[in-house]
Amino acid sequence: MYLLGGPVSQARAVFNPEQLNKKRYINIIFILDCSASMNKIIGPVRKIDIAKKTVESIVKNLAVEAHESGAMKSGLRVFGSKFYKWKQNCDDTSLEVPLDNIETTMDPILVKVLNVTAKGQSSLSLTIDALKGDFPEDDDQSNFIVVVSDGDESCGGSPCGAVKQLAGTSKGISVNTLGVQTDQTGYDNLNCMAEAGNGLYFDSKDVDKFILFLKDCNKKIGENRKQMALQAASDTVVIAKRNVTANMTEYTIPSPSPLYPDRDERFPAIDTLQPTDKLYMISTRGLWVEVFAPEKQLKGWIVAKTGGSQYSVTVTDDKTPLYAEKSPSSNVVAYLDAGAQLTVLKKDGAWYNVFNQKLNVRGWVVAFNVVEN
């Protein structure tokens, strides 16, 4: 079990990894405290500035993690950002970015976090109550709530009680809290929430430890997904007998493609599909297409685009660094403008090896700085 500490010498919330058993996907909703108490100045910055940096750090790290190890969804809920505290509006909580693939939600979350204003009531318990419709209720989903707050509650509710009720009525919930310059009451609230919600408490200055914790959880879920996918691969004869191809779209591939049991190129390939194989598309997910090969009695995932002169991406942000190596610590070959066209030479995890014809340069870009054409 994980047992990680906070800033006060008291009993800490404990996370039991067994609750990840049989989970295939991880969903994360961030709750950002934008109440007036977050405007308190700590040294040269306000609490809200610390909270924003904390969320930003987690989201960016998890976006890379999702590219490298499989599916992950994220969303953002904020409270205290719309009405000034003197209006005493305790219903000031809203889901600003609904749950979706983190590659899709990363930019909206970062933009919202950057521009949000702290000014309202600390309606922490009511915000927990509002979460009930934010997550799917599927048995194979692990739903993580990440609360970044000073733990203040000004609306008379019980944040810990709200979490107990949520955990008792929702599937796969883990409430994790990151305290931002908490006082004793705030720490007690946040630690109790984590303890009641099958999660952990961290101080915001220990955000790197929390990121490692989430990565460990995602790794475990990825291993679950791999085992389930390999098991499912042996059951494809059932699909053929039901003749589900009648409602599927025929799919063609231009060149031989490895067929994987799930959306991760690190898994052993089930088979190599040929352009002559009859294929039907079941679903799509980002770069991946789920296909069924009835003649081979196989079902699995292939990378939708595997390279070549027609495979290109577009840079989404100005001053995007093009690295010499597949590492942010390597030399920067060039800074690319938004809209720059890049030919993909290779995709490796969260990185693209690309060539820019206009500048006549080659290098590596991080996947979330580009979109596929």
# chains A, B, ... in the order shown; residues from 1 in each chain; ligands from 1
call {"tool": "residues_around", "arguments": {"residues": "range 125-132 of chain A", "least_positions_apart": "3", "cutoff": "10 Å", "atoms": "only C-alpha atoms", "output": "NGL selection string"}}
result
:A and (29 or 31 or 33 or 77-80 or 90-95 or 122 or 135-137 or 145 or 147 or 153-167 or 169-170 or 175 or 193)
call {"tool": "residues_around", "arguments": {"residues": "Asn101 in chain A", "least_positions_apart": "3", "cutoff": "8 Å", "atoms": "only C-alpha atoms", "output": "list in words"}}
result
Ala71, Met72, Lys73, Ser74, Thr104 and Thr105 of chain A
call {"tool": "atom_distance", "arguments": {"atom1": "CA of Lys87 in chain A", "atom2": "CA of Asn39 in chain A"}}
result
17.0 Å
call {"tool": "select_by_dssp", "arguments": {"residues": "range 47-292 of chain A", "states": "strand (DSSP E or B)", "output": "compact mmCIF listing (two decimals) with all heavy atoms, in the first residue's frame"}}
result
# COMPACT_ATOMS: atom_id res chain seq x y z
N MET A 72 -5.96 7.55 -21.38
CA MET A 72 -6.18 8.30 -20.15
C MET A 72 -7.09 9.47 -20.50
O MET A 72 -6.91 10.12 -21.52
CB MET A 72 -4.87 8.81 -19.56
CG MET A 72 -5.02 9.55 -18.25
SD MET A 72 -3.44 10.23 -17.67
CE MET A 72 -2.49 8.74 -17.36
N LYS A 73 -8.09 9.72 -19.66
CA LYS A 73 -8.99 10.84 -19.88
C LYS A 73 -8.85 11.83 -18.73
O LYS A 73 -8.52 11.45 -17.60
CB LYS A 73 -10.44 10.37 -20.00
CG LYS A 73 -10.73 9.56 -21.26
CD LYS A 73 -12.20 9.23 -21.37
CE LYS A 73 -12.50 8.49 -22.66
NZ LYS A 73 -13.95 8.19 -22.81
N SER A 74 -9.12 13.10 -19.03
CA SER A 74 -9.04 14.12 -17.99
C SER A 74 -10.11 15.17 -18.20
O SER A 74 -10.66 15.32 -19.30
CB SER A 74 -7.66 14.79 -17.99
OG SER A 74 -7.44 15.50 -19.20
N GLY A 75 -10.42 15.89 -17.13
CA GLY A 75 -11.39 16.97 -17.18
C GLY A 75 -11.08 17.96 -16.07
O GLY A 75 -10.21 17.73 -15.23
N LEU A 76 -11.81 19.07 -16.04
CA LEU A 76 -11.56 20.12 -15.04
C LEU A 76 -12.87 20.67 -14.50
O LEU A 76 -13.77 21.04 -15.25
CB LEU A 76 -10.76 21.27 -15.67
CG LEU A 76 -10.56 22.51 -14.80
CD1 LEU A 76 -9.61 22.20 -13.63
CD2 LEU A 76 -10.02 23.68 -15.62
N ARG A 77 -12.96 20.72 -13.17
CA ARG A 77 -14.06 21.39 -12.48
C ARG A 77 -13.45 22.46 -11.58
O ARG A 77 -12.41 22.23 -10.95
CB ARG A 77 -14.88 20.39 -11.66
CG ARG A 77 -16.01 21.02 -10.85
CD ARG A 77 -16.86 19.99 -10.15
NE ARG A 77 -17.79 19.35 -11.07
CZ ARG A 77 -18.96 19.86 -11.41
NH1 ARG A 77 -19.36 21.02 -10.91
NH2 ARG A 77 -19.75 19.21 -12.25
N VAL A 78 -14.08 23.62 -11.53
CA VAL A 78 -13.60 24.70 -10.66
C VAL A 78 -14.74 25.17 -9.77
O VAL A 78 -15.91 25.00 -10.10
CB VAL A 78 -13.03 25.89 -11.47
CG1 VAL A 78 -11.92 25.44 -12.39
CG2 VAL A 78 -14.13 26.58 -12.26
N PHE A 79 -14.38 25.75 -8.63
CA PHE A 79 -15.40 26.38 -7.79
C PHE A 79 -14.89 27.70 -7.25
O PHE A 79 -13.68 27.89 -7.05
CB PHE A 79 -15.85 25.44 -6.65
CG PHE A 79 -14.80 25.13 -5.62
CD1 PHE A 79 -14.67 25.91 -4.47
CD2 PHE A 79 -13.96 24.03 -5.76
CE1 PHE A 79 -13.71 25.61 -3.51
CE2 PHE A 79 -13.01 23.72 -4.80
CZ PHE A 79 -12.88 24.51 -3.67
N THR A 93 -19.99 26.28 -8.73
CA THR A 93 -19.13 25.18 -9.14
C THR A 93 -19.54 24.75 -10.54
O THR A 93 -20.74 24.70 -10.85
CB THR A 93 -19.22 23.99 -8.17
OG1 THR A 93 -18.40 22.91 -8.66
CG2 THR A 93 -20.64 23.50 -8.01
N SER A 94 -18.58 24.49 -11.39
CA SER A 94 -18.91 24.16 -12.78
C SER A 94 -17.87 23.24 -13.39
O SER A 94 -16.67 23.36 -13.09
CB SER A 94 -19.03 25.44 -13.63
OG SER A 94 -17.83 26.18 -13.57
N LEU A 95 -18.35 22.33 -14.23
CA LEU A 95 -17.46 21.46 -14.99
C LEU A 95 -17.03 22.23 -16.22
O LEU A 95 -17.76 22.33 -17.20
CB LEU A 95 -18.19 20.17 -15.37
CG LEU A 95 -17.37 19.13 -16.13
CD1 LEU A 95 -16.23 18.60 -15.28
CD2 LEU A 95 -18.26 17.98 -16.60
N GLU A 96 -15.82 22.77 -16.20
CA GLU A 96 -15.35 23.63 -17.27
C GLU A 96 -14.86 22.84 -18.48
O GLU A 96 -15.01 23.27 -19.62
CB GLU A 96 -14.22 24.53 -16.75
CG GLU A 96 -14.66 25.51 -15.68
CD GLU A 96 -15.63 26.56 -16.20
OE1 GLU A 96 -15.58 26.87 -17.41
OE2 GLU A 96 -16.43 27.07 -15.40
N VAL A 97 -14.24 21.69 -18.23
CA VAL A 97 -13.75 20.85 -19.33
C VAL A 97 -14.24 19.42 -19.06
O VAL A 97 -13.74 18.76 -18.15
CB VAL A 97 -12.21 20.86 -19.42
CG1 VAL A 97 -11.75 19.99 -20.60
CG2 VAL A 97 -11.69 22.29 -19.57
N PRO A 98 -15.24 18.95 -19.81
CA PRO A 98 -15.76 17.60 -19.58
C PRO A 98 -14.70 16.54 -19.86
O PRO A 98 -13.74 16.76 -20.61
CB PRO A 98 -16.92 17.50 -20.58
CG PRO A 98 -17.28 18.90 -20.90
CD PRO A 98 -16.00 19.67 -20.83
N LEU A 99 -14.89 15.39 -19.27
CA LEU A 99 -13.95 14.28 -19.40
C LEU A 99 -13.81 13.85 -20.85
O LEU A 99 -14.79 13.60 -21.55
CB LEU A 99 -14.46 13.11 -18.55
CG LEU A 99 -13.46 12.02 -18.16
CD1 LEU A 99 -12.39 12.59 -17.24
CD2 LEU A 99 -14.20 10.89 -17.47
N ASP A 100 -12.56 13.76 -21.31
CA ASP A 100 -12.26 13.29 -22.67
C ASP A 100 -10.78 12.89 -22.70
O ASP A 100 -10.06 13.08 -21.72
CB ASP A 100 -12.55 14.38 -23.70
CG ASP A 100 -12.79 13.81 -25.11
OD1 ASP A 100 -12.47 12.62 -25.33
OD2 ASP A 100 -13.26 14.56 -25.97
N ASN A 101 -10.34 12.35 -23.83
CA ASN A 101 -8.93 11.96 -23.95
C ASN A 101 -8.03 13.14 -23.58
O ASN A 101 -8.27 14.27 -24.02
CB ASN A 101 -8.62 11.50 -25.37
CG ASN A 101 -9.35 10.23 -25.73
OD1 ASN A 101 -9.60 9.40 -24.87
ND2 ASN A 101 -9.70 10.08 -26.99
N GLY A 120 -14.58 33.65 -5.05
CA GLY A 120 -15.87 33.27 -4.50
C GLY A 120 -15.82 32.52 -3.19
O GLY A 120 -14.82 32.51 -2.47
N GLN A 141 -13.51 1.17 -15.31
CA GLN A 141 -12.94 2.51 -15.24
C GLN A 141 -12.50 2.83 -13.82
O GLN A 141 -13.23 2.58 -12.86
CB GLN A 141 -13.98 3.55 -15.67
CG GLN A 141 -14.69 3.25 -16.97
CD GLN A 141 -13.91 3.69 -18.18
OE1 GLN A 141 -13.32 4.76 -18.20
NE2 GLN A 141 -13.92 2.87 -19.21
N SER A 142 -11.30 3.38 -13.69
CA SER A 142 -10.82 3.87 -12.40
C SER A 142 -10.89 5.40 -12.43
O SER A 142 -10.26 6.04 -13.27
CB SER A 142 -9.39 3.41 -12.15
OG SER A 142 -8.97 3.76 -10.85
N ASN A 143 -11.69 5.97 -11.54
CA ASN A 143 -11.98 7.40 -11.57
C ASN A 143 -11.24 8.14 -10.45
O ASN A 143 -11.55 7.98 -9.28
CB ASN A 143 -13.49 7.62 -11.43
CG ASN A 143 -14.26 6.99 -12.57
OD1 ASN A 143 -13.84 7.06 -13.72
ND2 ASN A 143 -15.39 6.37 -12.27
N PHE A 144 -10.26 8.94 -10.85
CA PHE A 144 -9.46 9.70 -9.90
C PHE A 144 -9.93 11.15 -9.84
O PHE A 144 -10.08 11.80 -10.88
CB PHE A 144 -7.98 9.67 -10.30
CG PHE A 144 -7.27 8.40 -9.91
CD1 PHE A 144 -7.54 7.21 -10.55
CD2 PHE A 144 -6.33 8.41 -8.90
CE1 PHE A 144 -6.89 6.04 -10.20
CE2 PHE A 144 -5.66 7.25 -8.53
CZ PHE A 144 -5.95 6.06 -9.18
N ILE A 145 -10.16 11.63 -8.64
CA ILE A 145 -10.47 13.03 -8.41
C ILE A 145 -9.24 13.67 -7.77
O ILE A 145 -8.71 13.15 -6.79
CB ILE A 145 -11.69 13.19 -7.49
CG1 ILE A 145 -12.93 12.57 -8.14
CG2 ILE A 145 -11.94 14.66 -7.16
CD1 ILE A 145 -14.06 12.32 -7.18
N VAL A 146 -8.78 14.77 -8.34
CA VAL A 146 -7.58 15.45 -7.84
C VAL A 146 -7.98 16.85 -7.40
O VAL A 146 -8.26 17.73 -8.23
CB VAL A 146 -6.49 15.51 -8.93
CG1 VAL A 146 -5.26 16.24 -8.40
CG2 VAL A 146 -6.12 14.10 -9.39
N VAL A 147 -8.05 17.06 -6.09
CA VAL A 147 -8.47 18.34 -5.51
C VAL A 147 -7.24 19.16 -5.17
O VAL A 147 -6.39 18.72 -4.40
CB VAL A 147 -9.31 18.12 -4.24
CG1 VAL A 147 -9.77 19.46 -3.67
CG2 VAL A 147 -10.52 17.22 -4.53
N VAL A 148 -7.14 20.34 -5.76
CA VAL A 148 -6.03 21.26 -5.47
C VAL A 148 -6.64 22.46 -4.74
O VAL A 148 -7.35 23.26 -5.33
CB VAL A 148 -5.31 21.70 -6.75
CG1 VAL A 148 -4.11 22.58 -6.40
CG2 VAL A 148 -4.85 20.48 -7.56
N SER A 149 -6.36 22.57 -3.44
CA SER A 149 -7.10 23.51 -2.60
C SER A 149 -6.33 23.81 -1.32
O SER A 149 -5.38 23.09 -0.97
CB SER A 149 -8.47 22.89 -2.26
OG SER A 149 -9.15 23.60 -1.26
N ILE A 173 -13.98 5.07 -7.41
CA ILE A 173 -13.59 6.44 -7.08
C ILE A 173 -12.35 6.45 -6.18
O ILE A 173 -12.23 5.67 -5.24
CB ILE A 173 -14.74 7.17 -6.35
CG1 ILE A 173 -15.88 7.47 -7.33
CG2 ILE A 173 -14.26 8.45 -5.70
CD1 ILE A 173 -15.56 8.52 -8.36
N SER A 174 -11.41 7.36 -6.49
CA SER A 174 -10.27 7.63 -5.62
C SER A 174 -10.10 9.14 -5.54
O SER A 174 -9.81 9.80 -6.53
CB SER A 174 -8.99 6.99 -6.17
OG SER A 174 -7.87 7.35 -5.39
N VAL A 175 -10.33 9.69 -4.35
CA VAL A 175 -10.22 11.14 -4.14
C VAL A 175 -8.83 11.44 -3.58
O VAL A 175 -8.47 10.96 -2.50
CB VAL A 175 -11.30 11.65 -3.17
CG1 VAL A 175 -11.12 13.15 -2.93
CG2 VAL A 175 -12.69 11.36 -3.73
N ASN A 176 -8.07 12.23 -4.32
CA ASN A 176 -6.71 12.60 -3.91
C ASN A 176 -6.65 14.11 -3.76
O ASN A 176 -7.22 14.84 -4.57
CB ASN A 176 -5.70 12.12 -4.94
CG ASN A 176 -5.71 10.62 -5.10
OD1 ASN A 176 -5.00 9.91 -4.40
ND2 ASN A 176 -6.56 10.11 -6.00
N THR A 177 -5.95 14.57 -2.73
CA THR A 177 -5.93 16.00 -2.44
C THR A 177 -4.51 16.53 -2.38
O THR A 177 -3.60 15.86 -1.89
CB THR A 177 -6.64 16.28 -1.09
OG1 THR A 177 -6.02 15.50 -0.05
CG2 THR A 177 -8.11 15.91 -1.18
N LEU A 178 -4.34 17.74 -2.90
CA LEU A 178 -3.06 18.44 -2.83
C LEU A 178 -3.28 19.75 -2.10
O LEU A 178 -4.02 20.63 -2.58
CB LEU A 178 -2.48 18.69 -4.22
CG LEU A 178 -1.92 17.45 -4.92
CD1 LEU A 178 -2.97 16.84 -5.84
CD2 LEU A 178 -0.67 17.77 -5.70
N GLY A 179 -2.67 19.88 -0.93
CA GLY A 179 -2.88 21.05 -0.10
C GLY A 179 -1.99 22.21 -0.48
O GLY A 179 -0.79 22.04 -0.69
N TYR A 201 -3.20 12.14 0.40
CA TYR A 201 -2.98 13.57 0.57
C TYR A 201 -1.51 13.88 0.26
O TYR A 201 -0.61 13.16 0.69
CB TYR A 201 -3.29 14.03 1.99
CG TYR A 201 -2.85 15.46 2.26
CD1 TYR A 201 -3.68 16.52 1.96
CD2 TYR A 201 -1.57 15.73 2.75
CE1 TYR A 201 -3.27 17.83 2.16
CE2 TYR A 201 -1.14 17.04 2.96
CZ TYR A 201 -2.00 18.09 2.66
OH TYR A 201 -1.58 19.37 2.84
N PHE A 202 -1.29 14.97 -0.48
CA PHE A 202 0.05 15.47 -0.75
C PHE A 202 0.07 16.97 -0.49
O PHE A 202 -0.95 17.65 -0.70
CB PHE A 202 0.46 15.25 -2.21
CG PHE A 202 0.70 13.82 -2.59
CD1 PHE A 202 -0.38 12.98 -2.85
CD2 PHE A 202 1.98 13.31 -2.71
CE1 PHE A 202 -0.17 11.66 -3.22
CE2 PHE A 202 2.20 12.00 -3.08
CZ PHE A 202 1.12 11.17 -3.33
N ASP A 203 1.19 17.48 -0.07
CA ASP A 203 1.39 18.92 -0.09
C ASP A 203 1.70 19.32 -1.53
O ASP A 203 2.36 18.58 -2.26
CB ASP A 203 2.53 19.33 0.83
CG ASP A 203 2.60 20.84 1.02
OD1 ASP A 203 3.22 21.49 0.15
OD2 ASP A 203 2.05 21.34 2.00
N THR A 249 -17.92 -1.18 -41.28
CA THR A 249 -17.39 -0.56 -42.50
C THR A 249 -16.13 -1.29 -42.93
O THR A 249 -15.24 -1.55 -42.11
CB THR A 249 -17.05 0.92 -42.24
OG1 THR A 249 -18.23 1.60 -41.80
CG2 THR A 249 -16.51 1.58 -43.51
N GLU A 250 -16.05 -1.63 -44.21
CA GLU A 250 -14.85 -2.30 -44.70
C GLU A 250 -13.66 -1.34 -44.64
O GLU A 250 -13.81 -0.14 -44.88
CB GLU A 250 -15.06 -2.79 -46.13
CG GLU A 250 -14.04 -3.81 -46.58
CD GLU A 250 -14.45 -4.57 -47.83
OE1 GLU A 250 -15.65 -4.53 -48.19
OE2 GLU A 250 -13.57 -5.19 -48.44
N TYR A 251 -12.51 -1.88 -44.31
CA TYR A 251 -11.33 -1.04 -44.09
C TYR A 251 -10.15 -1.62 -44.87
O TYR A 251 -9.97 -2.84 -44.92
CB TYR A 251 -10.99 -1.00 -42.60
CG TYR A 251 -9.92 0.01 -42.23
CD1 TYR A 251 -10.23 1.35 -42.08
CD2 TYR A 251 -8.60 -0.38 -42.03
CE1 TYR A 251 -9.27 2.29 -41.73
CE2 TYR A 251 -7.62 0.54 -41.68
CZ TYR A 251 -7.96 1.88 -41.54
OH TYR A 251 -7.00 2.79 -41.20
N SER A 257 0.66 -4.19 -41.79
CA SER A 257 0.50 -3.50 -40.50
C SER A 257 0.43 -4.52 -39.37
O SER A 257 -0.36 -5.47 -39.44
CB SER A 257 -0.78 -2.66 -40.49
OG SER A 257 -0.75 -1.65 -41.47
N PRO A 258 1.22 -4.32 -38.31
CA PRO A 258 1.11 -5.21 -37.14
C PRO A 258 -0.27 -5.04 -36.48
O PRO A 258 -0.79 -3.93 -36.39
CB PRO A 258 2.22 -4.73 -36.21
CG PRO A 258 3.14 -3.92 -37.08
CD PRO A 258 2.28 -3.32 -38.15
N LEU A 259 -0.83 -6.14 -36.04
CA LEU A 259 -2.11 -6.13 -35.33
C LEU A 259 -1.82 -6.35 -33.84
O LEU A 259 -1.27 -7.38 -33.45
CB LEU A 259 -3.02 -7.24 -35.86
CG LEU A 259 -4.41 -7.34 -35.20
CD1 LEU A 259 -5.27 -6.14 -35.60
CD2 LEU A 259 -5.09 -8.64 -35.61
N TYR A 260 -2.19 -5.36 -33.03
CA TYR A 260 -1.90 -5.41 -31.60
C TYR A 260 -3.16 -5.73 -30.80
O TYR A 260 -4.28 -5.39 -31.22
CB TYR A 260 -1.34 -4.07 -31.12
CG TYR A 260 -0.02 -3.70 -31.76
CD1 TYR A 260 0.02 -2.80 -32.83
CD2 TYR A 260 1.17 -4.23 -31.31
CE1 TYR A 260 1.22 -2.45 -33.44
CE2 TYR A 260 2.38 -3.89 -31.90
CZ TYR A 260 2.40 -3.01 -32.96
OH TYR A 260 3.59 -2.67 -33.55
N ASP A 271 -0.52 -10.54 -35.07
CA ASP A 271 -0.30 -10.96 -36.45
C ASP A 271 0.13 -9.73 -37.25
O ASP A 271 0.07 -8.60 -36.75
CB ASP A 271 -1.60 -11.55 -37.03
CG ASP A 271 -1.40 -12.23 -38.38
OD1 ASP A 271 -0.30 -12.77 -38.59
OD2 ASP A 271 -2.32 -12.20 -39.21
N THR A 272 0.56 -9.94 -38.47
CA THR A 272 0.82 -8.84 -39.39
C THR A 272 -0.21 -8.90 -40.50
O THR A 272 -0.27 -9.88 -41.26
CB THR A 272 2.24 -8.93 -39.98
OG1 THR A 272 3.20 -8.84 -38.93
CG2 THR A 272 2.47 -7.78 -40.96
N LEU A 273 -1.04 -7.88 -40.58
CA LEU A 273 -2.09 -7.84 -41.59
C LEU A 273 -1.51 -7.36 -42.92
O LEU A 273 -0.62 -6.50 -42.95
CB LEU A 273 -3.22 -6.91 -41.15
CG LEU A 273 -3.93 -7.29 -39.84
CD1 LEU A 273 -4.97 -6.24 -39.49
CD2 LEU A 273 -4.57 -8.67 -39.95
N LEU A 279 -10.72 -6.62 -44.15
CA LEU A 279 -10.79 -6.04 -42.81
C LEU A 279 -12.06 -5.23 -42.65
O LEU A 279 -12.57 -4.64 -43.61
CB LEU A 279 -9.58 -5.14 -42.55
CG LEU A 279 -8.18 -5.75 -42.68
CD1 LEU A 279 -7.13 -4.66 -42.50
CD2 LEU A 279 -7.99 -6.87 -41.68
N TYR A 280 -12.55 -5.19 -41.41
CA TYR A 280 -13.70 -4.36 -41.07
C TYR A 280 -13.34 -3.50 -39.87
O TYR A 280 -12.71 -3.96 -38.91
CB TYR A 280 -14.92 -5.22 -40.76
CG TYR A 280 -15.45 -5.96 -41.96
CD1 TYR A 280 -14.98 -7.22 -42.28
CD2 TYR A 280 -16.42 -5.38 -42.78
CE1 TYR A 280 -15.46 -7.90 -43.39
CE2 TYR A 280 -16.91 -6.05 -43.89
CZ TYR A 280 -16.42 -7.31 -44.19
OH TYR A 280 -16.89 -7.97 -45.29
N MET A 281 -13.74 -2.23 -39.94
CA MET A 281 -13.44 -1.29 -38.85
C MET A 281 -14.50 -1.40 -37.76
O MET A 281 -15.70 -1.31 -38.03
CB MET A 281 -13.38 0.13 -39.38
CG MET A 281 -13.05 1.17 -38.32
SD MET A 281 -12.77 2.83 -39.02
CE MET A 281 -14.42 3.18 -39.68
N ILE A 282 -14.03 -1.59 -36.52
CA ILE A 282 -14.94 -1.65 -35.37
C ILE A 282 -15.06 -0.28 -34.72
O ILE A 282 -16.15 0.20 -34.43
CB ILE A 282 -14.44 -2.69 -34.35
CG1 ILE A 282 -14.37 -4.08 -34.99
CG2 ILE A 282 -15.34 -2.71 -33.12
CD1 ILE A 282 -13.75 -5.13 -34.09
N SER A 283 -13.91 0.37 -34.48
CA SER A 283 -13.90 1.69 -33.84
C SER A 283 -12.57 2.36 -34.10
O SER A 283 -11.64 1.74 -34.63
CB SER A 283 -14.14 1.56 -32.33
OG SER A 283 -13.07 0.87 -31.71
N THR A 284 -12.48 3.64 -33.74
CA THR A 284 -11.22 4.38 -33.86
C THR A 284 -10.94 5.08 -32.55
O THR A 284 -11.85 5.43 -31.80
CB THR A 284 -11.27 5.42 -34.99
OG1 THR A 284 -12.30 6.38 -34.70
CG2 THR A 284 -11.55 4.76 -36.32
N ARG A 285 -9.66 5.31 -32.28
CA ARG A 285 -9.25 6.03 -31.07
C ARG A 285 -7.92 6.71 -31.36
O ARG A 285 -6.88 6.08 -31.34
CB ARG A 285 -9.11 5.05 -29.91
CG ARG A 285 -8.96 5.69 -28.53
CD ARG A 285 -10.29 6.22 -28.02
NE ARG A 285 -10.18 6.66 -26.65
CZ ARG A 285 -10.46 5.92 -25.58
NH1 ARG A 285 -10.85 4.67 -25.74
NH2 ARG A 285 -10.36 6.42 -24.37
N TRP A 288 -5.27 5.15 -33.64
CA TRP A 288 -5.52 3.72 -33.71
C TRP A 288 -6.88 3.39 -34.32
O TRP A 288 -7.85 4.13 -34.15
CB TRP A 288 -5.45 3.12 -32.31
CG TRP A 288 -4.08 3.18 -31.71
CD1 TRP A 288 -3.54 4.22 -31.01
CD2 TRP A 288 -3.08 2.17 -31.76
NE1 TRP A 288 -2.26 3.92 -30.61
CE2 TRP A 288 -1.95 2.66 -31.06
CE3 TRP A 288 -3.02 0.89 -32.32
CZ2 TRP A 288 -0.78 1.92 -30.91
CZ3 TRP A 288 -1.86 0.15 -32.16
CH2 TRP A 288 -0.76 0.66 -31.47
N VAL A 289 -6.92 2.26 -35.02
CA VAL A 289 -8.17 1.74 -35.58
C VAL A 289 -8.34 0.30 -35.10
O VAL A 289 -7.42 -0.52 -35.22
CB VAL A 289 -8.15 1.76 -37.12
CG1 VAL A 289 -9.45 1.17 -37.68
CG2 VAL A 289 -7.97 3.18 -37.64
N GLU A 290 -9.50 0.01 -34.54
CA GLU A 290 -9.81 -1.36 -34.13
C GLU A 290 -10.44 -2.08 -35.31
O GLU A 290 -11.42 -1.60 -35.89
CB GLU A 290 -10.77 -1.36 -32.94
CG GLU A 290 -11.01 -2.75 -32.36
CD GLU A 290 -11.98 -2.72 -31.19
OE1 GLU A 290 -12.72 -1.72 -31.05
OE2 GLU A 290 -12.00 -3.71 -30.43
N VAL A 291 -9.86 -3.21 -35.70
CA VAL A 291 -10.33 -3.91 -36.90
C VAL A 291 -10.60 -5.38 -36.59
O VAL A 291 -10.10 -5.94 -35.61
CB VAL A 291 -9.29 -3.82 -38.05
CG1 VAL A 291 -9.09 -2.38 -38.48
CG2 VAL A 291 -7.97 -4.46 -37.64
N PHE A 292 -11.40 -5.97 -37.46
CA PHE A 292 -11.71 -7.39 -37.39
C PHE A 292 -11.37 -8.02 -38.74
O PHE A 292 -11.77 -7.51 -39.79
CB PHE A 292 -13.19 -7.59 -37.06
CG PHE A 292 -13.63 -9.04 -37.12
CD1 PHE A 292 -12.94 -10.02 -36.44
CD2 PHE A 292 -14.75 -9.40 -37.87
CE1 PHE A 292 -13.35 -11.34 -36.49
CE2 PHE A 292 -15.16 -10.72 -37.92
CZ PHE A 292 -14.47 -11.70 -37.23
call {"tool": "residues_around", "arguments": {"residues": "range 323-331 of chain A", "least_positions_apart": "3", "cutoff": "9 Å", "atoms": "only C-alpha atoms", "output": "list in words"}}
result
Ala334, Tyr335, Asp348, Trp351, Tyr352, Asn353, Arg362, Gly363, Trp364, Val365 and Val366 of chain A
call {"tool": "closest_residue", "arguments": {"among": "A:Leu322, A:Cys34, A:Leu200, A:Ala269", "to": "Lys226 in chain A", "atoms": "only C-alpha atoms"}}
result
A:Ala269
call {"tool": "atom_distance", "arguments": {"atom1": "CA of Lys119 in chain A", "atom2": "CA of Ala36 in chain A"}}
result
4.1 Å
call {"tool": "residues_around", "arguments": {"residues": "Ser204 in chain A", "least_positions_apart": "3", "cutoff": "12 Å", "atoms": "only C-alpha atoms", "output": "PyMOL selection string"}}
result
chain A and resi 5-7+47-58+146-150+176-182+187+190+201+207-211
call {"tool": "atom_distance", "arguments": {"atom1": "CA of Asn224 in chain A", "atom2": "CA of Asp206 in chain A"}}
result
27.9 Å
call {"tool": "select_by_dssp", "arguments": {"residues": "range 132-345 of chain A", "states": "alpha helix (DSSP H)", "output": "JSON, numbers by chain"}}
result
{"A": [159, 160, 161, 162, 163, 164, 165, 166, 167, 168, 169, 184, 185, 186, 187, 188, 189, 190, 191, 192, 193, 194, 195, 196, 207, 208, 209, 210, 211, 212, 213, 214, 215, 216, 217, 218, 219, 220, 221, 222, 223, 224, 225, 226, 227, 228, 229, 230, 231, 232, 233, 237, 238, 239, 240, 241, 242]}
call {"tool": "residues_around", "arguments": {"residues": "Glu223 in chain A", "least_positions_apart": "4", "cutoff": "12 Å", "atoms": "only C-alpha atoms", "output": "number ranges by chain"}}
result
A: 20-25, 69-70, 216-219, 227-230, 262, 264, 266-267
call {"tool": "closest_residue", "arguments": {"among": "A:Val333, A:Ile102, A:Val315, A:Leu298", "to": "Glu372 in chain A", "atoms": "only C-alpha atoms"}}
result
A:Val315
call {"tool": "residues_around", "arguments": {"residues": "Asn356 in chain A", "least_positions_apart": "6", "cutoff": "8 Å", "atoms": "only C-alpha atoms", "output": "PyMOL selection string"}}
result
chain A and resi 340-343+362
call {"tool": "closest_residue", "arguments": {"among": "A:Leu124, A:Phe355, A:Leu214, A:Ile270", "to": "Asn189 in chain A", "atoms": "only C-alpha atoms"}}
result
A:Leu124
call {"tool": "closest_residue", "arguments": {"among": "A:Thr320, A:Asn27, A:Asn191, A:Thr314", "to": "Asp134 in chain A", "atoms": "only C-alpha atoms"}}
result
A:Asn27
